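As stored in work.txt (compact mmCIF, C-alpha atoms):
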# COMPACT_ATOMS: atom_id res chain seq x y z
CA MET A 1 40.25 -42.79 -107.30
CA PHE A 2 42.25 -40.69 -104.90
CA PRO A 3 44.81 -38.01 -105.81
CA ALA A 4 48.39 -39.18 -106.01
CA ARG A 5 50.50 -38.63 -102.94
CA LEU A 6 52.64 -35.53 -102.89
CA ARG A 7 56.28 -35.94 -103.81
CA PRO A 8 58.93 -34.53 -101.47
CA TYR A 9 59.40 -30.86 -102.19
CA ASP A 10 62.90 -29.68 -103.08
CA PRO A 11 63.05 -25.87 -102.94
CA ASP A 12 66.33 -25.68 -104.82
CA GLN A 13 64.99 -27.47 -107.87
CA PRO A 14 62.66 -25.88 -110.42
CA ASP A 15 59.02 -26.89 -110.31
CA SER A 16 57.99 -29.78 -112.56
CA ASP A 17 55.10 -27.90 -114.22
CA GLY A 18 56.92 -27.73 -117.52
CA LEU A 19 60.37 -27.58 -119.04
CA ILE A 20 60.12 -24.09 -120.54
CA ALA A 21 58.81 -22.06 -117.60
CA PRO A 22 61.85 -22.63 -115.32
CA ALA A 23 64.15 -21.72 -118.22
CA VAL A 24 62.40 -18.39 -118.91
CA PRO A 25 64.66 -16.34 -116.55
CA VAL A 26 67.80 -17.55 -118.35
CA ILE A 27 66.18 -16.95 -121.74
CA ILE A 28 65.31 -13.37 -120.72
CA ILE A 29 68.85 -12.68 -119.52
CA CYS A 30 70.27 -14.01 -122.79
CA GLY A 31 67.74 -11.92 -124.76
CA VAL A 32 68.70 -8.73 -122.90
CA ALA A 33 72.38 -9.46 -123.48
CA LEU A 34 71.69 -9.91 -127.20
CA LEU A 35 69.79 -6.61 -127.38
CA ALA A 36 72.62 -4.83 -125.59
CA LEU A 37 75.15 -6.14 -128.08
CA VAL A 38 73.23 -5.38 -131.29
CA THR A 39 71.89 -1.92 -130.41
CA SER A 40 73.70 1.35 -129.96
CA GLU A 41 72.00 1.92 -126.61
CA GLY A 42 73.51 -1.21 -125.12
CA LEU A 43 73.80 -0.15 -121.48
CA ALA A 44 70.23 1.19 -121.45
CA TRP A 45 68.97 -2.39 -121.58
CA LEU A 46 70.87 -3.57 -118.51
CA PRO A 47 68.11 -2.79 -115.93
CA LEU A 48 65.91 -5.33 -117.76
CA LEU A 49 68.23 -8.03 -116.47
CA ALA A 50 66.29 -7.72 -113.20
CA VAL A 51 63.33 -9.46 -114.85
CA GLY A 52 65.26 -12.75 -114.76
CA PRO A 53 65.65 -13.00 -110.96
CA ALA A 54 62.11 -11.66 -110.46
CA LEU A 55 60.59 -14.48 -112.52
CA ALA A 56 62.93 -17.06 -110.98
CA ALA A 57 61.20 -16.59 -107.62
CA ALA A 58 58.08 -18.25 -109.07
CA HIS A 59 59.89 -21.48 -109.99
CA TYR A 60 63.09 -21.77 -107.95
CA GLY A 61 64.05 -21.89 -104.30
CA PRO A 62 66.23 -19.16 -102.69
CA HIS A 63 69.48 -20.77 -103.85
CA GLY A 64 68.21 -21.00 -107.40
CA VAL A 65 67.15 -17.34 -107.36
CA ILE A 66 70.60 -16.33 -106.11
CA ARG A 67 72.21 -18.24 -108.96
CA ILE A 68 69.99 -16.52 -111.50
CA GLY A 69 70.77 -13.17 -109.84
CA VAL A 70 74.53 -13.81 -110.00
CA LEU A 71 74.16 -14.71 -113.67
CA ALA A 72 72.26 -11.47 -114.37
CA VAL A 73 74.85 -9.31 -112.56
CA ALA A 74 77.74 -11.13 -114.24
CA VAL A 75 76.22 -10.65 -117.70
CA GLY A 76 75.62 -6.97 -116.91
CA ALA A 77 79.17 -6.49 -115.71
CA LEU A 78 80.53 -8.15 -118.85
CA LEU A 79 78.41 -5.94 -121.08
CA GLY A 80 79.47 -2.88 -119.09
CA THR A 81 83.07 -3.45 -120.10
CA GLN A 82 82.03 -3.02 -123.73
CA GLY A 83 80.88 0.58 -123.24
CA ASP A 84 82.40 3.91 -122.29
CA GLU A 85 80.18 4.64 -119.33
CA PRO A 86 81.86 5.58 -116.02
CA VAL A 87 82.27 2.83 -113.47
CA ARG A 88 79.85 4.62 -111.12
CA THR A 89 77.12 4.61 -113.78
CA GLN A 90 77.68 0.94 -114.49
CA ALA A 91 77.51 0.12 -110.78
CA ILE A 92 74.19 1.95 -110.45
CA MET A 93 72.80 0.03 -113.40
CA LEU A 94 73.97 -3.30 -111.97
CA ALA A 95 72.48 -2.46 -108.58
CA THR A 96 69.00 -2.88 -110.04
CA PRO A 97 69.26 -6.61 -110.91
CA ALA A 98 71.23 -7.23 -107.71
CA ALA A 99 68.56 -5.61 -105.52
CA VAL A 100 65.73 -7.39 -107.34
CA ALA A 101 67.58 -10.70 -106.94
CA LEU A 102 67.82 -10.21 -103.16
CA ALA A 103 64.15 -9.24 -102.91
CA SER A 104 63.16 -12.21 -105.07
CA CYS A 105 65.21 -14.50 -102.85
CA GLY A 106 63.10 -13.40 -99.88
CA ALA A 107 59.89 -13.88 -101.87
CA SER A 108 61.04 -17.37 -102.89
CA ALA A 109 61.69 -18.26 -99.24
CA LEU A 110 58.15 -17.16 -98.31
CA ARG A 111 56.72 -19.16 -101.20
CA ARG A 112 58.68 -22.19 -100.09
CA ARG A 113 57.33 -21.93 -96.55
CA ARG A 114 53.75 -21.60 -97.76
CA GLU A 115 54.10 -24.55 -100.10
CA GLN A 116 55.44 -26.68 -97.27
CA VAL A 117 52.45 -25.70 -95.10
CA LEU A 118 50.06 -26.44 -97.97
CA ALA A 119 51.74 -29.81 -98.57
CA ALA A 120 51.31 -30.67 -94.88
CA VAL A 121 47.65 -29.65 -94.95
CA ARG A 122 47.04 -31.69 -98.09
CA SER A 123 48.71 -34.76 -96.63
CA VAL A 124 46.49 -34.50 -93.54
CA ALA A 125 43.42 -34.06 -95.75
CA GLU A 126 44.43 -37.07 -97.82
CA ALA A 127 44.85 -39.17 -94.68
CA ALA A 128 41.43 -37.99 -93.48
CA GLN A 129 39.88 -38.88 -96.81
CA ASN A 130 41.44 -42.35 -96.80
CA ALA A 131 40.07 -42.89 -93.29
CA LEU A 132 36.64 -41.48 -94.13
CA LEU A 133 36.17 -42.87 -97.64
CA THR A 134 37.95 -46.20 -97.50
CA PRO A 135 39.26 -47.09 -100.97
CA VAL A 136 36.95 -49.60 -102.64
CA PRO A 137 38.68 -52.58 -104.30
CA ALA A 138 37.95 -53.53 -107.90
CA ARG A 139 36.02 -56.60 -106.73
CA VAL A 140 33.76 -56.85 -103.70
CA GLY A 141 32.20 -60.25 -103.25
CA GLN A 142 30.86 -61.33 -106.62
CA PHE A 143 30.69 -57.78 -108.02
CA GLN A 144 32.96 -55.59 -110.07
CA VAL A 145 33.11 -52.10 -108.55
CA ALA A 146 34.43 -48.68 -109.52
CA VAL A 147 34.25 -45.32 -107.75
CA ARG A 148 35.01 -41.77 -108.87
CA TYR A 149 34.96 -38.95 -106.34
CA SER A 150 35.70 -35.25 -106.79
CA ALA A 151 35.55 -32.70 -103.99
CA ALA A 152 34.55 -29.16 -104.92
CA ALA A 153 37.27 -27.87 -102.56
CA ALA A 154 40.14 -29.38 -104.53
CA GLU A 155 42.71 -28.12 -102.05
CA ALA A 156 40.97 -29.90 -99.19
CA ARG A 157 40.33 -33.15 -101.13
CA VAL A 158 37.39 -34.00 -98.89
CA GLY A 159 33.75 -32.97 -99.01
CA GLY A 160 30.22 -33.80 -98.00
CA ASP A 161 29.54 -36.67 -100.40
CA LEU A 162 29.90 -40.16 -98.98
CA TYR A 163 29.99 -43.75 -100.14
CA ALA A 164 30.83 -47.17 -98.75
CA LEU A 165 30.56 -50.72 -100.01
CA LEU A 166 31.32 -53.83 -97.99
CA PRO A 167 30.55 -57.55 -97.86
CA THR A 168 28.47 -58.59 -94.87
CA PRO A 169 26.84 -61.80 -93.57
CA HIS A 170 23.66 -60.49 -95.22
CA GLY A 171 25.21 -59.93 -98.64
CA VAL A 172 27.04 -57.02 -100.20
CA ARG A 173 25.70 -53.68 -98.94
CA LEU A 174 26.47 -50.14 -100.01
CA ILE A 175 25.51 -46.53 -99.42
CA VAL A 176 25.88 -43.37 -101.48
CA GLY A 177 24.83 -40.09 -99.92
CA ASP A 178 25.09 -36.33 -99.94
CA VAL A 179 25.30 -34.20 -96.81
CA ARG A 180 23.63 -30.81 -96.79
CA GLY A 181 26.24 -28.07 -96.79
CA LYS A 182 29.98 -28.07 -97.32
CA GLY A 183 33.21 -27.79 -95.40
CA LEU A 184 34.18 -29.39 -92.10
CA PRO A 185 30.60 -29.71 -90.72
CA ALA A 186 29.62 -31.73 -93.80
CA VAL A 187 32.71 -33.90 -93.46
CA SER A 188 31.88 -34.54 -89.80
CA THR A 189 28.33 -35.59 -90.68
CA ALA A 190 29.57 -37.84 -93.48
CA ALA A 191 31.94 -39.55 -91.03
CA LEU A 192 29.04 -40.10 -88.62
CA VAL A 193 26.81 -41.66 -91.31
CA LEU A 194 29.55 -43.95 -92.61
CA GLY A 195 30.50 -45.11 -89.13
CA VAL A 196 26.92 -46.06 -88.27
CA PHE A 197 26.38 -47.70 -91.65
CA ARG A 198 29.48 -49.90 -91.39
CA GLU A 199 28.36 -51.18 -88.02
CA ALA A 200 24.67 -51.58 -88.83
CA ALA A 201 25.31 -53.26 -92.19
CA TYR A 202 26.96 -56.14 -90.37
CA ASP A 203 24.50 -56.35 -87.48
CA GLU A 204 21.08 -55.85 -89.04
CA PRO A 205 19.59 -58.56 -91.29
CA ASN A 206 16.93 -56.15 -92.59
CA LEU A 207 18.08 -53.25 -94.76
CA LEU A 208 15.35 -51.01 -93.35
CA ASP A 209 16.80 -51.55 -89.88
CA VAL A 210 20.18 -50.32 -91.16
CA VAL A 211 18.52 -47.12 -92.36
CA ALA A 212 16.63 -46.79 -89.06
CA ARG A 213 19.87 -46.92 -87.08
CA ILE A 214 21.39 -44.20 -89.22
CA GLU A 215 18.26 -42.09 -88.74
CA ARG A 216 18.36 -42.48 -84.96
CA SER A 217 22.01 -41.49 -84.81
CA LEU A 218 21.47 -38.41 -86.99
CA SER A 219 18.43 -37.32 -84.98
CA ARG A 220 20.64 -37.16 -81.88
CA ASN A 221 23.60 -35.41 -83.48
CA LEU A 222 22.38 -33.16 -86.31
CA ALA A 223 21.10 -29.62 -86.13
CA PRO A 224 17.37 -29.26 -86.91
CA ASP A 225 18.01 -27.92 -90.43
CA ASP A 226 20.67 -30.47 -91.42
CA PHE A 227 20.01 -33.68 -93.31
CA VAL A 228 21.55 -36.33 -95.55
CA THR A 229 20.10 -37.68 -98.77
CA ALA A 230 21.15 -41.27 -99.40
CA VAL A 231 20.49 -44.53 -101.21
CA VAL A 232 21.21 -47.69 -99.24
CA ALA A 233 21.36 -50.90 -101.28
CA GLY A 234 21.90 -54.58 -100.58
CA TYR A 235 22.18 -57.84 -102.49
CA PRO A 236 20.82 -60.47 -100.07
CA SER A 237 20.16 -63.23 -102.58
CA GLU A 238 20.81 -64.20 -106.17
CA GLY A 239 19.10 -61.99 -108.75
CA ARG A 240 17.64 -59.59 -106.20
CA MET A 241 18.78 -56.06 -105.36
CA GLU A 242 17.19 -54.15 -102.48
CA LEU A 243 17.08 -50.34 -102.45
CA VAL A 244 16.05 -47.81 -99.82
CA ASN A 245 15.94 -44.26 -101.19
CA CYS A 246 15.90 -41.40 -98.67
CA GLY A 247 15.38 -38.26 -100.72
CA HIS A 248 18.28 -39.05 -103.05
CA ALA A 249 18.64 -39.05 -106.83
CA PRO A 250 17.35 -42.33 -108.32
CA PRO A 251 19.99 -44.93 -109.20
CA LEU A 252 20.39 -45.99 -112.82
CA LEU A 253 19.86 -49.68 -113.57
CA VAL A 254 21.67 -50.88 -116.69
CA GLY A 255 20.30 -54.13 -118.09
CA GLU A 256 19.44 -55.92 -121.28
CA THR A 257 16.36 -53.76 -121.80
CA GLY A 258 18.32 -50.51 -121.53
CA ILE A 259 18.97 -47.94 -118.82
CA ILE A 260 16.21 -46.92 -116.43
CA ALA A 261 16.10 -44.60 -113.44
CA VAL A 262 14.85 -46.55 -110.41
CA GLU A 263 12.43 -44.05 -108.92
CA PRO A 264 11.28 -44.85 -105.37
CA THR A 265 7.82 -46.33 -105.20
CA ARG A 266 7.14 -44.33 -102.03
CA PRO A 267 9.34 -41.22 -101.73
CA ALA A 268 10.80 -40.76 -98.24
CA PRO A 269 12.40 -37.68 -96.68
CA PRO A 270 16.19 -37.42 -96.30
CA LEU A 271 17.90 -38.93 -93.30
CA GLY A 272 17.69 -36.69 -90.26
CA LEU A 273 14.22 -35.34 -91.07
CA ALA A 274 12.06 -38.26 -89.93
CA SER A 275 10.94 -36.30 -86.87
CA LEU A 276 9.23 -33.79 -89.18
CA GLY A 277 6.83 -36.45 -90.42
CA GLY A 278 6.20 -37.70 -93.92
CA GLU A 279 6.51 -41.16 -95.43
CA LEU A 280 8.78 -43.70 -93.79
CA PRO A 281 11.53 -45.24 -95.95
CA SER A 282 10.33 -48.25 -97.92
CA LEU A 283 12.17 -51.26 -99.27
CA GLN A 284 12.21 -51.53 -103.04
CA VAL A 285 13.28 -54.76 -104.76
CA VAL A 286 14.52 -54.79 -108.35
CA PRO A 287 15.81 -57.72 -110.42
CA PHE A 288 19.58 -57.79 -110.82
CA ALA A 289 20.87 -60.51 -113.12
CA GLU A 290 24.28 -61.37 -114.51
CA GLY A 291 25.63 -58.56 -116.66
CA ASP A 292 23.42 -55.93 -115.00
CA GLN A 293 24.97 -52.75 -113.59
CA LEU A 294 23.80 -50.24 -110.99
CA LEU A 295 25.05 -46.65 -111.06
CA LEU A 296 24.65 -44.52 -107.94
CA TYR A 297 25.63 -40.85 -107.89
CA THR A 298 25.21 -37.61 -105.98
CA ASP A 299 23.60 -34.31 -106.88
CA GLY A 300 26.95 -32.81 -107.84
CA VAL A 301 26.84 -34.94 -111.01
CA ILE A 302 23.35 -34.17 -112.32
CA GLU A 303 23.42 -30.54 -111.16
CA ALA A 304 26.74 -29.73 -112.86
CA ARG A 305 26.17 -26.94 -115.38
CA ASP A 306 28.00 -25.81 -118.47
CA ARG A 307 28.50 -22.19 -119.55
CA GLY A 308 24.98 -22.13 -120.94
CA ARG A 309 23.64 -23.15 -117.51
CA GLU A 310 22.53 -26.52 -118.86
CA TYR A 311 22.58 -29.47 -116.45
CA PHE A 312 24.70 -32.52 -117.18
CA PRO A 313 22.34 -35.07 -118.86
CA LEU A 314 23.58 -38.16 -117.06
CA LEU A 315 20.85 -40.50 -118.31
CA GLU A 316 21.65 -39.54 -121.92
CA ARG A 317 25.43 -39.78 -121.54
CA VAL A 318 25.72 -43.12 -119.73
CA PRO A 319 24.94 -45.25 -122.85
CA ARG A 320 27.95 -43.70 -124.62
CA HIS A 321 30.39 -45.01 -122.03
CA ILE A 322 28.90 -48.18 -120.57
CA CYS A 323 31.07 -51.28 -120.99
CA ASP A 324 32.05 -54.45 -119.14
CA GLU A 325 34.76 -52.66 -117.14
CA PRO A 326 33.23 -50.36 -114.49
CA SER A 327 36.50 -48.47 -113.94
CA ARG A 328 36.76 -47.63 -117.63
CA THR A 329 33.09 -46.64 -117.76
CA LEU A 330 33.42 -44.20 -114.86
CA ALA A 331 36.73 -42.81 -116.10
CA SER A 332 35.26 -41.80 -119.46
CA LEU A 333 32.00 -40.61 -117.89
CA HIS A 334 33.89 -38.50 -115.36
CA ASP A 335 36.03 -36.99 -118.12
CA GLU A 336 32.90 -35.96 -120.01
CA LEU A 337 31.46 -34.48 -116.82
CA LEU A 338 34.57 -32.32 -116.36
CA SER A 339 34.45 -31.32 -120.01
CA HIS A 340 30.80 -30.31 -119.58
CA VAL A 341 31.59 -27.92 -116.70
CA GLY A 342 34.78 -26.57 -118.24
CA GLY A 343 37.30 -28.46 -116.15
CA ARG A 344 36.27 -27.84 -112.54
CA LEU A 345 33.24 -28.92 -110.54
CA HIS A 346 31.55 -26.45 -108.21
CA ASP A 347 30.02 -29.12 -105.98
CA ASP A 348 31.14 -32.44 -104.58
CA ALA A 349 30.43 -35.30 -106.97
CA ALA A 350 30.56 -39.04 -106.45
CA LEU A 351 29.89 -41.94 -108.81
CA LEU A 352 29.72 -45.62 -107.81
CA LEU A 353 29.17 -48.34 -110.39
CA LEU A 354 28.37 -51.93 -109.44
CA ARG A 355 28.37 -54.75 -112.02
CA LYS A 356 27.52 -58.40 -111.66
CA PRO A 357 29.78 -60.18 -114.15
CA VAL A 358 28.51 -62.96 -116.36
CA LEU A 359 29.55 -66.20 -114.69
CA GLY A 360 30.46 -67.99 -117.91
CA ALA A 361 32.69 -65.14 -119.08
CA LEU A 362 34.30 -64.98 -115.66
CA ARG A 363 35.10 -68.69 -115.73
CA ARG A 364 36.61 -68.39 -119.21
CA ALA A 365 38.79 -65.51 -118.02
CA VAL A 366 39.99 -67.59 -115.07
CA ASP A 367 40.76 -70.55 -117.35
CA VAL A 368 42.74 -68.35 -119.74
CA SER A 369 44.75 -66.79 -116.93
CA SER A 370 45.47 -70.24 -115.45
CA ALA A 371 46.63 -71.52 -118.84
For the file at hand, write its structure as C-alpha cells.
Amino acid sequence: MFPARLRPYDPDQPDSDGLIAPAVPVIIICGVALLALVTSEGLAWLPLLAVGPALAAAHYGPHGVIRIGVLAVAVGALLGTQGDEPVRTQAIMLATPAAVALASCGASALRRRREQVLAAVRSVAEAAQNALLTPVPARVGQFQVAVRYSAAAAEARVGGDLYALLPTPHGVRLIVGDVRGKGLPAVSTAALVLGVFREAAYDEPNLLDVVARIERSLSRNLAPDDFVTAVVAGYPSEGRMELVNCGHAPPLLVGETGIIAVEPTRPAPPLGLASLGGELPSLQVVPFAEGDQLLLYTDGVIEARDRGREYFPLLERVPRHICDEPSRTLASLHDELLSHVGGRLHDDAALLLLRKPVLGALRRAVDVSSA
C-alpha cells in the first residue's frame, strides 16, 4: 500500500537503476581506445575520452567519477605513446578528460547532496503519511480489507485523499473522502477530518452524529470556499450496511445480482458547506450479506483520463478484476488504472475494498490451516 522505505544511499556505488547504465562510461572509454588503435587519426579521438567521466557523474559518487577519470587519462596516456606527437601536444589532449573529470566530480558531489536532501524529505513525508493514513490490516473485524492509494505528487507521497477504517463498539466504521485542492493545505484538512472521525466513530452510536461532528469541526476551521466530499459507512448489525454520502462519488456494491452504484437517496452537500443550506445528510441502509463487497473510491479514479481524454470506466472495469481476495482485486484494478492514464496519475486516487467473507468457506480455511 505504501512505497517501500528508502535504502541507505552510498554515493560511491553506482545507482541500482540498471546494470548497463553505470557501465556506459567504461564502455565509451574502451570504444574510444579501439577507434584510436584502428584508425590512422588515433590521437584525434583522445578528447572523446572526456565523455566517460562526464557520464559517470550521473551514476557514481565523487570517488567513482575520479576513478573513471583516472582510467580515461591512463588510457589516453597509453595511446599517446603509440604516436609521434610531441609530449606537449599529448599533454594538451589529455588535459581535456582530466578537466572534465574534475568538473564532473564537483557535479557528482552536488547531485549527492541533493539526493540526500530529497531522501530526507521523502522519509519525513512517508512518516507523515503513515501517521495520517494509518495502514489498514488485511482483516478488520469480520471483514477482509484492501486499500490502494496514489498521490499525484509522487515525490511528496501524501495528498488530499483520505481514508480510515476501524472497529468500534458500534461496529466497523470507515470513511473515504477527497479534500478540495492539493498540497499542504489539503493534507492539513485531511488530517483534521481523520482525527475527528476516529474520535467520533468510537463515541457516537448514530452514524449521522459522526458526520455532524466532522461538519462542526470543519465549519470552525475551513475557509469559506473549502470543503470535503466523503462517504461514511458503518456495519452496526448483521446483514446491514449504513452509508452517509456527502457529495462524494457513489460506492459500488458487489453482490450476487451484479455490481450497482449506490446513489444517495437524498443528495447532500460536501462536508464544510452545511452553512450554505441545502439538504442535510441522510442515512442510507443497504443489505450486505456474506460474499458481498463494497468498493469506495475518490474522484481521482473516475476522472483519470487517457490520451483520448476518455474517463476511466470504473463500473465497467471492476467485473474484470473482482475476486475473493480484495488485495488482488485492487492490485489488478490499480494496474489497469495506471495503464489507462499512461503510467502516472494527475490527481490523488484512493481505492478501498471491503468484503464480508462467506462464513462456511472461512471455517473450512481455518480447519485446513489447523490440520
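Distances to A:Ser327 were evaluated for A:Arg213, A:Arg148, A:Arg180, A:His248 using all atoms listed in the file, and the minimum falls at A:Arg148.
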List the spatial neighbours of stretch 101-108 of chain A as a ChimeraX atom specification - criterion: any atom at most 9 Å away, only C-alpha atoms, same-chain residues fewer than 3 positions off excluded.
/A:11,50,52-66,68-70,72,96-98,111-113
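Among the candidate residues A:Gly76, A:Pro313, A:Pro185, A:Gly234, the one lying nearest to A:Val172 is A:Gly234, with distances computed using all atoms listed in the file.
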Can you tell me which residues surround A:Asp209 at a distance of at most 12 Å, considering all atoms listed in the file, apart from same-chain residues fewer than 4 positions away, and format the answer as a PyMOL selection string?
chain A and resi 196-197+199-205+213-216+232+244+280-283
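The closest residue to A:Ala36, picked from A:Ala119, A:Val301, A:Leu49, A:Val87 and counting only C-alpha atoms, is A:Leu49.
Across the structure, atom CA of A:Ala331 and atom CA of A:Gly177 are spaced 20.3 Å apart.
When all atoms listed in the file are used to compute distances to A:Gln284, the closest of the residues A:Asp299, A:Asp178, A:Glu263, A:Asp347 turns out to be A:Glu263.
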Env of A:Leu252: 6 Å cut, atoms = all atoms listed in the file, seq-sep filter 5 positions within chain, self excluded. Answer as a PyMOL selection string.
chain A and resi 260-261+294-295
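Using only C-alpha atoms, the nearest neighbour of A:Glu238 within the list A:Pro287, A:Pro357, A:Gly277, A:Gly308 is A:Pro287.
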Some atoms are missing, so please complete stretch 132-141 of chain A with all heavy atoms and return it as an mmCIF file, in the frame of the given file.
data_model
loop_
_atom_site.group_PDB
_atom_site.id
_atom_site.type_symbol
_atom_site.label_atom_id
_atom_site.label_comp_id
_atom_site.auth_asym_id
_atom_site.auth_seq_id
_atom_site.Cartn_x
_atom_site.Cartn_y
_atom_site.Cartn_z
ATOM 1 N N LEU A 132 38.081 -41.685 -94.001
ATOM 2 C CA LEU A 132 36.640 -41.480 -94.130
ATOM 3 C C LEU A 132 36.061 -42.306 -95.270
ATOM 4 O O LEU A 132 35.112 -43.074 -95.085
ATOM 5 C CB LEU A 132 36.348 -39.992 -94.350
ATOM 6 C CG LEU A 132 34.891 -39.603 -94.591
ATOM 7 C CD1 LEU A 132 34.055 -39.917 -93.364
ATOM 8 C CD2 LEU A 132 34.795 -38.124 -94.943
ATOM 9 N N LEU A 133 36.632 -42.152 -96.457
ATOM 10 C CA LEU A 133 36.170 -42.870 -97.640
ATOM 11 C C LEU A 133 37.184 -43.958 -97.955
ATOM 12 O O LEU A 133 38.114 -43.755 -98.735
ATOM 13 C CB LEU A 133 36.000 -41.908 -98.819
ATOM 14 C CG LEU A 133 35.025 -40.747 -98.600
ATOM 15 C CD1 LEU A 133 35.022 -39.831 -99.802
ATOM 16 C CD2 LEU A 133 33.626 -41.263 -98.304
ATOM 17 N N THR A 134 37.017 -45.095 -97.312
ATOM 18 C CA THR A 134 37.950 -46.200 -97.500
ATOM 19 C C THR A 134 37.990 -46.601 -98.970
ATOM 20 O O THR A 134 36.943 -46.799 -99.590
ATOM 21 C CB THR A 134 37.514 -47.403 -96.646
ATOM 22 O OG1 THR A 134 37.378 -46.984 -95.295
ATOM 23 C CG2 THR A 134 38.531 -48.520 -96.736
ATOM 24 N N PRO A 135 39.183 -46.704 -99.560
ATOM 25 C CA PRO A 135 39.260 -47.090 -100.970
ATOM 26 C C PRO A 135 38.526 -48.405 -101.229
ATOM 27 O O PRO A 135 38.665 -49.379 -100.485
ATOM 28 C CB PRO A 135 40.767 -47.227 -101.201
ATOM 29 C CG PRO A 135 41.390 -46.326 -100.189
ATOM 30 C CD PRO A 135 40.503 -46.398 -98.988
ATOM 31 N N VAL A 136 37.740 -48.428 -102.283
ATOM 32 C CA VAL A 136 36.950 -49.600 -102.640
ATOM 33 C C VAL A 136 37.743 -50.444 -103.628
ATOM 34 O O VAL A 136 38.194 -49.936 -104.653
ATOM 35 C CB VAL A 136 35.602 -49.183 -103.253
ATOM 36 C CG1 VAL A 136 34.814 -50.405 -103.709
ATOM 37 C CG2 VAL A 136 34.795 -48.367 -102.246
ATOM 38 N N PRO A 137 37.942 -51.741 -103.352
ATOM 39 C CA PRO A 137 38.680 -52.580 -104.300
ATOM 40 C C PRO A 137 37.892 -52.802 -105.584
ATOM 41 O O PRO A 137 36.696 -52.531 -105.664
ATOM 42 C CB PRO A 137 38.868 -53.892 -103.525
ATOM 43 C CG PRO A 137 37.773 -53.903 -102.514
ATOM 44 C CD PRO A 137 37.523 -52.467 -102.144
ATOM 45 N N ALA A 138 38.588 -53.318 -106.592
ATOM 46 C CA ALA A 138 37.950 -53.530 -107.900
ATOM 47 C C ALA A 138 36.901 -54.628 -107.842
ATOM 48 O O ALA A 138 35.990 -54.664 -108.679
ATOM 49 C CB ALA A 138 39.004 -53.858 -108.953
ATOM 50 N N ARG A 139 37.019 -55.532 -106.888
ATOM 51 C CA ARG A 139 36.020 -56.600 -106.730
ATOM 52 C C ARG A 139 35.608 -56.665 -105.267
ATOM 53 O O ARG A 139 36.455 -56.693 -104.370
ATOM 54 C CB ARG A 139 36.575 -57.949 -107.175
ATOM 55 C CG ARG A 139 36.826 -58.047 -108.675
ATOM 56 C CD ARG A 139 37.078 -59.493 -109.071
ATOM 57 N NE ARG A 139 35.901 -60.325 -108.886
ATOM 58 C CZ ARG A 139 34.969 -60.514 -109.820
ATOM 59 N NH1 ARG A 139 35.079 -59.914 -110.986
ATOM 60 N NH2 ARG A 139 33.939 -61.300 -109.579
ATOM 61 N N VAL A 140 34.316 -56.680 -105.027
ATOM 62 C CA VAL A 140 33.760 -56.850 -103.700
ATOM 63 C C VAL A 140 32.748 -57.992 -103.785
ATOM 64 O O VAL A 140 31.714 -57.860 -104.456
ATOM 65 C CB VAL A 140 33.085 -55.573 -103.182
ATOM 66 C CG1 VAL A 140 32.444 -55.823 -101.824
ATOM 67 C CG2 VAL A 140 34.101 -54.443 -103.086
ATOM 68 N N GLY A 141 33.066 -59.085 -103.122
ATOM 69 C CA GLY A 141 32.200 -60.250 -103.250
ATOM 70 C C GLY A 141 32.178 -60.732 -104.689
ATOM 71 O O GLY A 141 33.216 -60.936 -105.314
#
